[in-house]
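Listing of entry.tsv, TSV, C-alpha atoms
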chain	number	residue	atom	x	y	z
A	13	MET	CA	-64.82	-92.39	-28.30
A	14	GLU	CA	-68.09	-92.00	-30.21
A	15	ARG	CA	-68.76	-88.78	-28.32
A	16	PHE	CA	-65.44	-87.33	-29.48
A	17	ILE	CA	-66.04	-88.46	-33.05
A	18	GLY	CA	-69.43	-86.71	-32.93
A	19	LYS	CA	-67.71	-83.49	-31.89
A	20	ALA	CA	-65.28	-83.82	-34.77
A	21	GLU	CA	-68.14	-84.36	-37.22
A	22	THR	CA	-69.83	-81.21	-35.91
A	23	LEU	CA	-66.65	-79.24	-36.58
A	24	MET	CA	-66.40	-80.73	-40.07
A	25	GLU	CA	-69.98	-79.67	-40.82
A	26	ALA	CA	-68.93	-76.09	-40.13
A	27	LEU	CA	-65.84	-76.26	-42.38
A	28	PRO	CA	-67.56	-75.42	-45.71
A	29	TYR	CA	-69.23	-72.40	-44.10
A	30	ILE	CA	-65.99	-71.20	-42.50
A	31	ARG	CA	-64.26	-71.48	-45.86
A	32	ARG	CA	-67.09	-69.64	-47.64
A	33	PHE	CA	-67.30	-66.79	-45.13
A	34	TYR	CA	-63.59	-66.27	-44.46
A	35	GLY	CA	-62.82	-62.56	-44.80
A	36	LYS	CA	-66.53	-61.65	-45.11
A	37	THR	CA	-68.45	-59.21	-42.92
A	38	PHE	CA	-71.44	-60.14	-40.76
A	39	VAL	CA	-73.52	-57.32	-39.25
A	40	VAL	CA	-75.35	-58.60	-36.17
A	41	LYS	CA	-78.14	-56.63	-34.51
A	42	TYR	CA	-78.08	-57.59	-30.83
A	43	GLY	CA	-81.23	-57.10	-28.79
A	44	GLY	CA	-84.14	-58.70	-26.96
A	45	ASN	CA	-83.80	-61.35	-24.29
A	46	ALA	CA	-80.24	-62.15	-25.40
A	47	MET	CA	-79.23	-58.80	-23.89
A	48	VAL	CA	-80.64	-59.46	-20.40
A	49	ASP	CA	-80.29	-63.20	-19.78
A	50	GLU	CA	-76.80	-63.82	-18.36
A	51	GLU	CA	-76.33	-67.22	-20.02
A	52	LEU	CA	-77.45	-65.87	-23.40
A	53	LYS	CA	-75.20	-62.81	-23.04
A	54	ASP	CA	-72.21	-65.09	-22.53
A	55	SER	CA	-73.09	-67.34	-25.47
A	56	PHE	CA	-73.57	-64.32	-27.74
A	57	ALA	CA	-70.16	-62.90	-26.81
A	58	GLN	CA	-68.56	-66.30	-27.40
A	59	ASP	CA	-70.22	-66.51	-30.84
A	60	ILE	CA	-68.87	-63.10	-31.86
A	61	VAL	CA	-65.34	-63.92	-30.67
A	62	LEU	CA	-65.35	-67.28	-32.47
A	63	LEU	CA	-66.50	-65.62	-35.71
A	64	LYS	CA	-63.52	-63.29	-35.51
A	65	TYR	CA	-61.08	-66.11	-34.81
A	66	VAL	CA	-62.23	-68.14	-37.84
A	67	GLY	CA	-61.74	-65.17	-40.18
A	68	VAL	CA	-65.18	-63.52	-40.27
A	69	ASN	CA	-65.47	-59.79	-39.53
A	70	PRO	CA	-68.41	-59.38	-37.12
A	71	VAL	CA	-69.90	-55.92	-36.55
A	72	VAL	CA	-72.35	-55.63	-33.65
A	73	VAL	CA	-75.17	-53.06	-33.53
A	74	HIS	CA	-77.20	-53.02	-30.31
A	75	GLY	CA	-80.45	-51.59	-29.06
A	76	GLY	CA	-81.52	-50.96	-25.48
A	77	GLY	CA	-85.22	-50.06	-25.26
A	78	PRO	CA	-85.98	-51.84	-21.94
A	79	GLN	CA	-82.88	-50.40	-20.27
A	80	ILE	CA	-83.81	-46.90	-21.48
A	81	ASN	CA	-87.36	-47.33	-20.15
A	82	GLU	CA	-85.98	-48.38	-16.76
A	83	MET	CA	-83.67	-45.38	-16.53
A	84	LEU	CA	-86.38	-42.93	-17.61
A	85	GLN	CA	-88.65	-44.35	-14.93
A	86	ARG	CA	-85.94	-43.99	-12.28
A	87	MET	CA	-85.35	-40.38	-13.38
A	88	GLY	CA	-89.07	-39.63	-13.30
A	89	THR	CA	-89.12	-38.76	-17.00
A	90	PRO	CA	-92.38	-39.70	-18.79
A	91	THR	CA	-92.21	-41.88	-21.89
A	92	GLN	CA	-94.42	-41.51	-24.94
A	93	PHE	CA	-94.47	-43.52	-28.16
A	94	VAL	CA	-95.95	-42.70	-31.57
A	95	ARG	CA	-96.25	-45.68	-33.94
A	96	GLY	CA	-93.58	-47.52	-31.98
A	97	MET	CA	-91.14	-44.58	-32.06
A	98	ARG	CA	-90.06	-43.00	-28.76
A	99	VAL	CA	-90.86	-39.29	-28.59
A	100	THR	CA	-87.43	-37.90	-27.74
A	101	ASP	CA	-87.11	-34.39	-26.31
A	102	ALA	CA	-83.75	-32.95	-25.20
A	103	GLU	CA	-83.95	-34.41	-21.68
A	104	THR	CA	-84.92	-37.85	-22.98
A	105	MET	CA	-82.15	-37.71	-25.60
A	106	ASP	CA	-79.55	-37.12	-22.88
A	107	ILE	CA	-80.77	-40.20	-21.02
A	108	VAL	CA	-80.97	-42.31	-24.19
A	109	GLU	CA	-77.40	-41.40	-25.11
A	110	MET	CA	-76.17	-42.04	-21.57
A	111	VAL	CA	-77.75	-45.51	-21.46
A	112	LEU	CA	-76.88	-46.62	-25.00
A	113	VAL	CA	-73.36	-45.18	-25.31
A	114	GLY	CA	-72.18	-44.93	-21.72
A	115	LYS	CA	-73.67	-48.07	-20.22
A	116	ILE	CA	-74.90	-50.76	-22.62
A	117	ASN	CA	-72.23	-50.27	-25.25
A	118	LYS	CA	-69.40	-50.59	-22.74
A	119	GLU	CA	-71.00	-53.63	-21.09
A	120	ILE	CA	-71.08	-55.44	-24.44
A	121	VAL	CA	-67.51	-54.40	-25.23
A	122	ASN	CA	-66.34	-55.65	-21.84
A	123	LEU	CA	-68.17	-58.98	-22.23
A	124	ILE	CA	-66.67	-59.66	-25.66
A	125	ASN	CA	-63.21	-58.76	-24.36
A	126	GLN	CA	-63.62	-61.09	-21.38
A	127	HIS	CA	-64.16	-63.95	-23.83
A	128	GLY	CA	-60.95	-63.23	-25.71
A	129	GLY	CA	-62.03	-60.68	-28.31
A	130	MET	CA	-60.82	-57.13	-28.90
A	131	ALA	CA	-64.00	-55.08	-29.05
A	132	VAL	CA	-64.19	-51.30	-29.48
A	133	GLY	CA	-67.31	-49.31	-28.66
A	134	LEU	CA	-68.61	-46.65	-31.05
A	135	CYS	CA	-71.63	-44.50	-31.75
A	136	GLY	CA	-72.57	-42.62	-34.89
A	137	LYS	CA	-70.64	-39.55	-33.76
A	138	ASP	CA	-67.30	-41.37	-33.93
A	139	GLY	CA	-65.60	-40.63	-37.24
A	140	GLY	CA	-68.91	-39.34	-38.61
A	141	LEU	CA	-70.02	-42.98	-38.75
A	142	ILE	CA	-73.80	-42.39	-38.87
A	143	ARG	CA	-75.04	-39.13	-40.37
A	144	ALA	CA	-78.69	-38.34	-39.77
A	145	ARG	CA	-81.44	-35.75	-39.99
A	146	LYS	CA	-84.62	-35.19	-38.05
A	147	MET	CA	-87.41	-37.67	-38.81
A	148	MET	CA	-90.92	-36.31	-39.22
A	149	MET	CA	-93.64	-38.91	-38.85
A	150	THR	CA	-96.83	-38.83	-40.90
A	151	ILE	CA	-99.90	-40.42	-39.33
A	152	LYS	CA	-102.87	-41.38	-41.48
A	153	ASN	CA	-106.16	-41.43	-39.55
A	154	ASN	CA	-109.23	-43.02	-41.11
A	155	GLY	CA	-111.25	-40.46	-43.01
A	156	GLN	CA	-108.94	-37.60	-42.11
A	157	GLU	CA	-106.07	-35.78	-43.74
A	158	PRO	CA	-102.60	-37.18	-42.95
A	159	GLU	CA	-101.06	-35.48	-39.91
A	160	THR	CA	-97.34	-34.73	-39.53
A	161	VAL	CA	-96.13	-35.31	-35.98
A	162	ASP	CA	-92.89	-33.98	-34.48
A	163	ILE	CA	-91.41	-36.81	-32.39
A	164	GLY	CA	-88.36	-34.84	-31.30
A	165	MET	CA	-84.77	-35.92	-31.71
A	166	VAL	CA	-85.48	-39.13	-33.60
A	167	GLY	CA	-83.38	-39.42	-36.71
A	168	GLU	CA	-83.36	-41.03	-40.11
A	169	ILE	CA	-80.06	-42.01	-41.68
A	170	THR	CA	-78.66	-39.86	-44.47
A	171	GLY	CA	-75.28	-41.54	-44.80
A	172	ILE	CA	-72.87	-44.12	-43.40
A	173	ASN	CA	-69.09	-43.64	-43.36
A	174	PRO	CA	-67.64	-47.18	-43.28
A	175	MET	CA	-63.98	-46.09	-43.09
A	176	VAL	CA	-63.75	-46.33	-39.30
A	177	ILE	CA	-65.30	-49.82	-39.34
A	178	ASN	CA	-62.99	-51.04	-42.10
A	179	SER	CA	-59.99	-49.73	-40.19
A	180	LEU	CA	-61.02	-51.62	-37.05
A	181	ASP	CA	-61.73	-54.83	-39.00
A	182	ASP	CA	-58.32	-54.67	-40.67
A	183	ASN	CA	-56.65	-54.43	-37.28
A	184	LYS	CA	-58.51	-57.39	-35.75
A	185	PHE	CA	-60.89	-55.31	-33.62
A	186	ILE	CA	-64.62	-56.00	-33.26
A	187	PRO	CA	-66.79	-52.85	-33.64
A	188	VAL	CA	-69.76	-52.53	-31.26
A	189	ILE	CA	-72.07	-49.71	-32.33
A	190	ALA	CA	-74.73	-47.77	-30.41
A	191	PRO	CA	-77.51	-46.42	-32.70
A	192	ILE	CA	-76.91	-42.72	-32.14
A	193	GLY	CA	-76.55	-40.47	-35.20
A	194	VAL	CA	-75.16	-36.99	-35.75
A	195	GLY	CA	-76.66	-34.16	-37.79
A	196	ASP	CA	-74.96	-31.63	-40.05
A	197	ARG	CA	-74.78	-29.14	-37.17
A	198	GLY	CA	-73.69	-31.68	-34.58
A	199	GLU	CA	-77.21	-32.54	-33.42
A	200	THR	CA	-77.67	-35.88	-31.64
A	201	TYR	CA	-80.33	-38.26	-32.95
A	202	ASN	CA	-81.87	-41.45	-31.57
A	203	ILE	CA	-82.17	-44.00	-34.42
A	204	ASN	CA	-83.86	-47.41	-34.61
A	205	ALA	CA	-81.15	-50.08	-34.18
A	206	ASP	CA	-82.59	-52.36	-36.90
A	207	LEU	CA	-82.35	-49.51	-39.41
A	208	VAL	CA	-78.76	-48.79	-38.39
A	209	ALA	CA	-77.82	-52.46	-38.75
A	210	GLY	CA	-79.46	-52.74	-42.17
A	211	GLN	CA	-77.92	-49.62	-43.65
A	212	LEU	CA	-74.53	-50.38	-42.11
A	213	ALA	CA	-74.65	-53.84	-43.72
A	214	GLU	CA	-75.31	-52.18	-47.09
A	215	ALA	CA	-72.47	-49.68	-46.68
A	216	LEU	CA	-70.02	-52.42	-45.70
A	217	GLY	CA	-71.09	-54.78	-48.48
A	218	ALA	CA	-71.80	-57.38	-45.80
A	219	GLU	CA	-72.26	-61.04	-46.58
A	220	LYS	CA	-74.91	-61.35	-43.87
A	221	LEU	CA	-77.26	-59.23	-41.81
A	222	ILE	CA	-78.44	-61.11	-38.72
A	223	LEU	CA	-81.25	-59.72	-36.53
A	224	LEU	CA	-81.70	-61.33	-33.10
A	225	THR	CA	-85.31	-61.41	-31.88
A	226	ASP	CA	-87.43	-62.97	-29.14
A	227	VAL	CA	-89.39	-65.16	-31.56
A	228	ALA	CA	-88.53	-68.27	-33.55
A	229	GLY	CA	-88.56	-66.40	-36.88
A	230	VAL	CA	-91.13	-65.63	-39.57
A	231	LYS	CA	-94.16	-67.94	-39.72
A	232	ASP	CA	-96.65	-68.73	-42.49
A	233	LYS	CA	-100.47	-68.65	-42.38
A	234	LYS	CA	-100.51	-71.99	-40.56
A	235	GLY	CA	-98.14	-70.73	-37.91
A	236	GLU	CA	-95.27	-72.88	-39.15
A	237	LEU	CA	-91.75	-71.51	-39.14
A	238	LEU	CA	-90.35	-70.58	-42.55
A	239	SER	CA	-86.68	-71.48	-42.76
A	240	THR	CA	-86.28	-69.56	-46.04
A	241	LEU	CA	-88.29	-66.61	-47.31
A	242	LYS	CA	-87.96	-64.89	-50.68
A	243	ILE	CA	-88.57	-61.16	-51.07
A	244	ASN	CA	-91.77	-61.58	-53.07
A	245	GLN	CA	-93.10	-64.08	-50.50
A	246	ALA	CA	-92.21	-61.72	-47.66
A	247	ARG	CA	-94.08	-58.84	-49.27
A	248	LYS	CA	-97.14	-61.07	-49.77
A	249	LEU	CA	-97.11	-62.13	-46.10
A	250	ILE	CA	-96.99	-58.47	-45.05
A	251	GLN	CA	-99.77	-57.54	-47.49
A	252	ASP	CA	-101.97	-60.39	-46.23
A	253	GLY	CA	-101.41	-59.46	-42.60
A	254	VAL	CA	-99.68	-62.75	-41.81
A	255	VAL	CA	-96.52	-61.01	-40.61
A	256	GLY	CA	-97.35	-59.26	-37.36
A	257	GLU	CA	-96.89	-55.55	-36.72
A	258	GLY	CA	-93.78	-56.04	-34.58
A	259	MET	CA	-92.10	-58.19	-37.24
A	260	ILE	CA	-92.89	-55.94	-40.23
A	261	PRO	CA	-90.00	-53.46	-39.65
A	262	LYS	CA	-87.52	-56.35	-39.34
A	263	VAL	CA	-88.72	-58.04	-42.53
A	264	GLU	CA	-88.68	-54.71	-44.39
A	265	CYS	CA	-85.18	-54.04	-43.04
A	266	CYS	CA	-84.07	-57.39	-44.52
A	267	ILE	CA	-85.68	-56.60	-47.88
A	268	ASP	CA	-84.00	-53.19	-48.07
A	269	ALA	CA	-80.62	-54.68	-47.15
A	270	LEU	CA	-80.91	-57.33	-49.86
A	271	LYS	CA	-81.84	-54.68	-52.42
A	272	GLY	CA	-78.77	-52.74	-51.24
A	273	GLY	CA	-76.43	-55.62	-52.01
A	274	VAL	CA	-76.24	-57.64	-48.77
A	275	GLY	CA	-75.76	-61.35	-49.54
A	276	LYS	CA	-78.29	-62.89	-47.12
A	277	THR	CA	-80.36	-61.67	-44.21
A	278	HIS	CA	-81.53	-63.62	-41.19
A	279	ILE	CA	-84.16	-63.14	-38.48
A	280	ILE	CA	-83.18	-65.56	-35.74
A	281	ASP	CA	-84.28	-66.66	-32.28
A	282	GLY	CA	-81.93	-64.96	-29.85
A	283	ARG	CA	-83.38	-67.03	-26.98
A	284	VAL	CA	-81.40	-70.02	-28.26
A	285	LYS	CA	-77.85	-70.41	-26.98
A	286	HIS	CA	-75.24	-69.81	-29.70
A	287	ALA	CA	-77.97	-68.74	-32.11
A	288	VAL	CA	-75.54	-66.78	-34.31
A	289	LEU	CA	-73.20	-69.73	-34.82
A	290	LEU	CA	-76.07	-72.15	-35.42
A	291	GLU	CA	-77.55	-69.90	-38.10
A	292	ALA	CA	-74.23	-69.21	-39.81
A	293	PHE	CA	-72.50	-72.59	-39.66
A	294	THR	CA	-75.20	-75.28	-39.79
A	295	LYS	CA	-77.71	-76.45	-42.40
A	296	GLU	CA	-80.77	-76.14	-40.17
A	297	GLY	CA	-80.24	-72.73	-38.58
A	298	VAL	CA	-82.44	-71.27	-35.85
A	299	GLY	CA	-84.69	-68.81	-37.64
A	300	THR	CA	-85.69	-67.47	-41.03
A	301	GLU	CA	-83.30	-66.48	-43.78
A	302	VAL	CA	-84.66	-63.82	-46.13
A	303	VAL	CA	-83.12	-64.04	-49.62
A	304	GLN	CA	-83.47	-62.32	-52.99
A	305	LYS	CA	-84.96	-65.28	-54.92
Rendering of file as structure tokens:
Amino acid sequence: MERFIGKAETLMEALPYIRRFYGKTFVVKYGGNAMVDEELKDSFAQDIVLLKYVGVNPVVVHGGGPQINEMLQRMGTPTQFVRGMRVTDAETMDIVEMVLVGKINKEIVNLINQHGGMAVGLCGKDGGLIRARKMMMTIKNNGQEPETVDIGMVGEITGINPMVINSLDDNKFIPVIAPIGVGDRGETYNINADLVAGQLAEALGAEKLILLTDVAGVKDKKGELLSTLKINQARKLIQDGVVGEGMIPKVECCIDALKGGVGKTHIIDGRVKHAVLLEAFTKEGVGTEVVQK
């Protein structure tokens, strides 16, 4: 009997959060180990379906770097990165779009649907969802003039059209979005998934932006996990070099989203089963929440 009472108490702990977030939008960036481990894939899909059933509107944005690397290798296409950005020529762009839109996106949609949801797969071309232009990267070398590097069909976002997402939310569907953008002349652009998730959260007026990672969250100088991080503290950690290079874009994405009106942002450990639910509906959470102040 005590075991059953414990389950009931767990449900009651979630009640205030369910009440608070009913009708709100969560944008969840799905990536890392949670996308390749079968048990974690199932728990993620279950989390998203449960969010929808308790009245939250989840919107999933996914990456796919490792899967793209694997396909490029199989196709014999060389891969080059500049400052963490994949140099994307026309041949590479075709493969990126095939993997992200044709393979990964549909796998996620299918998984969510198998667990009782009604997911719909999209990319930035659908309904003009993600408008973009070519990104030019500037590299600063020590003692030399800054150099502008052409990294191909990599895009930066110029606009988000939330109408298609709102329409799906209103009709009980769960949008699953591949980070492919479209230019003014119909050009296809490869865009960083964290950036898409952050700007989509702003455009939708989301209550939460949740970024799944393969680390526990943001840590302080002593290596201890920070459960809550304010914007000014986050900037100081970046300035002092405490936040590592791989985490900087995620923290900056959270800061930009907060400045754009998103309620709260979270960097969570996607290696933990049901990480999304634990972060959203419990006091402890499983990562770092980044807040205004």
Name the residues in contact with Ile177 in chain A at a cut-off of 9 Å, using only C-alpha atoms, excluding same-chain residues fewer than 5 positions from it; report them as JSON, numbers by chain.
{"A": [71, 141, 182, 186, 187, 216]}
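Near range 35-44 of chain A, within 6 Å and counting all atoms listed in the file, sit Phe33, Ala46, Met47, Gly67, Val68, Asn69, Pro70, Val71, Val72, Val73, His74, Gly75, Ala209, Ala213, Ala218, Glu219, Lys220, Leu221, Ile222, Leu223, Leu224, Thr225 and Asp226 of chain A; same-chain residues fewer than 2 positions away were not included.
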Smallest atom-to-atom distance to Gly133 in chain A: which of A:Val113, A:Val284, A:Met148, A:Met165, using all atoms listed in the file?
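Closest to Gly133 in chain A, using all atoms listed in the file: A:Val113.
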Among the residues A:Lys118, A:Lys146, A:Lys295, A:Arg86, the one that comes closest to Tyr29 in chain A [using all atoms listed in the file]:
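Ranking A:Lys118, A:Lys146, A:Lys295, A:Arg86 by distance to Tyr29 in chain A, first place goes to A:Lys295.
Separating CA of Gly136 in chain A from CA of Leu270 in chain A is a distance of 22.6 Å.
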If I take CA of Ile280 in chain A and CA of Ala205 in chain A, how far is one from the other in Å, to one decimal?
15.7 Å
Using all atoms listed in the file, find each residue in range 200-276 of chain A having at least one atom no more than 10 Å away from range 100-110 of chain A; report its shortest atom-to-atom pair and that distance in Å (one decimal), rows by chain then rising number, as a tab-separated table.
residue	atom	partner	partner_atom	distance
A:Thr200	CA	A:Met105	CA	7.7
A:Tyr201	CA	A:Met105	CA	7.6
A:Asn202	CA	A:Met105	CA	7.1
Distance criterion (only C-alpha atoms): nearest to Val161 in chain A out of A:Gly198, A:Cys135, A:Gly217, A:Val94:
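Among the listed residues, the smallest separation from Val161 in chain A belongs to A:Val94.
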Separating CA of Met147 in chain A from CA of Arg197 in chain A, to the nearest tenth of an Å, is a gap of 15.3 Å
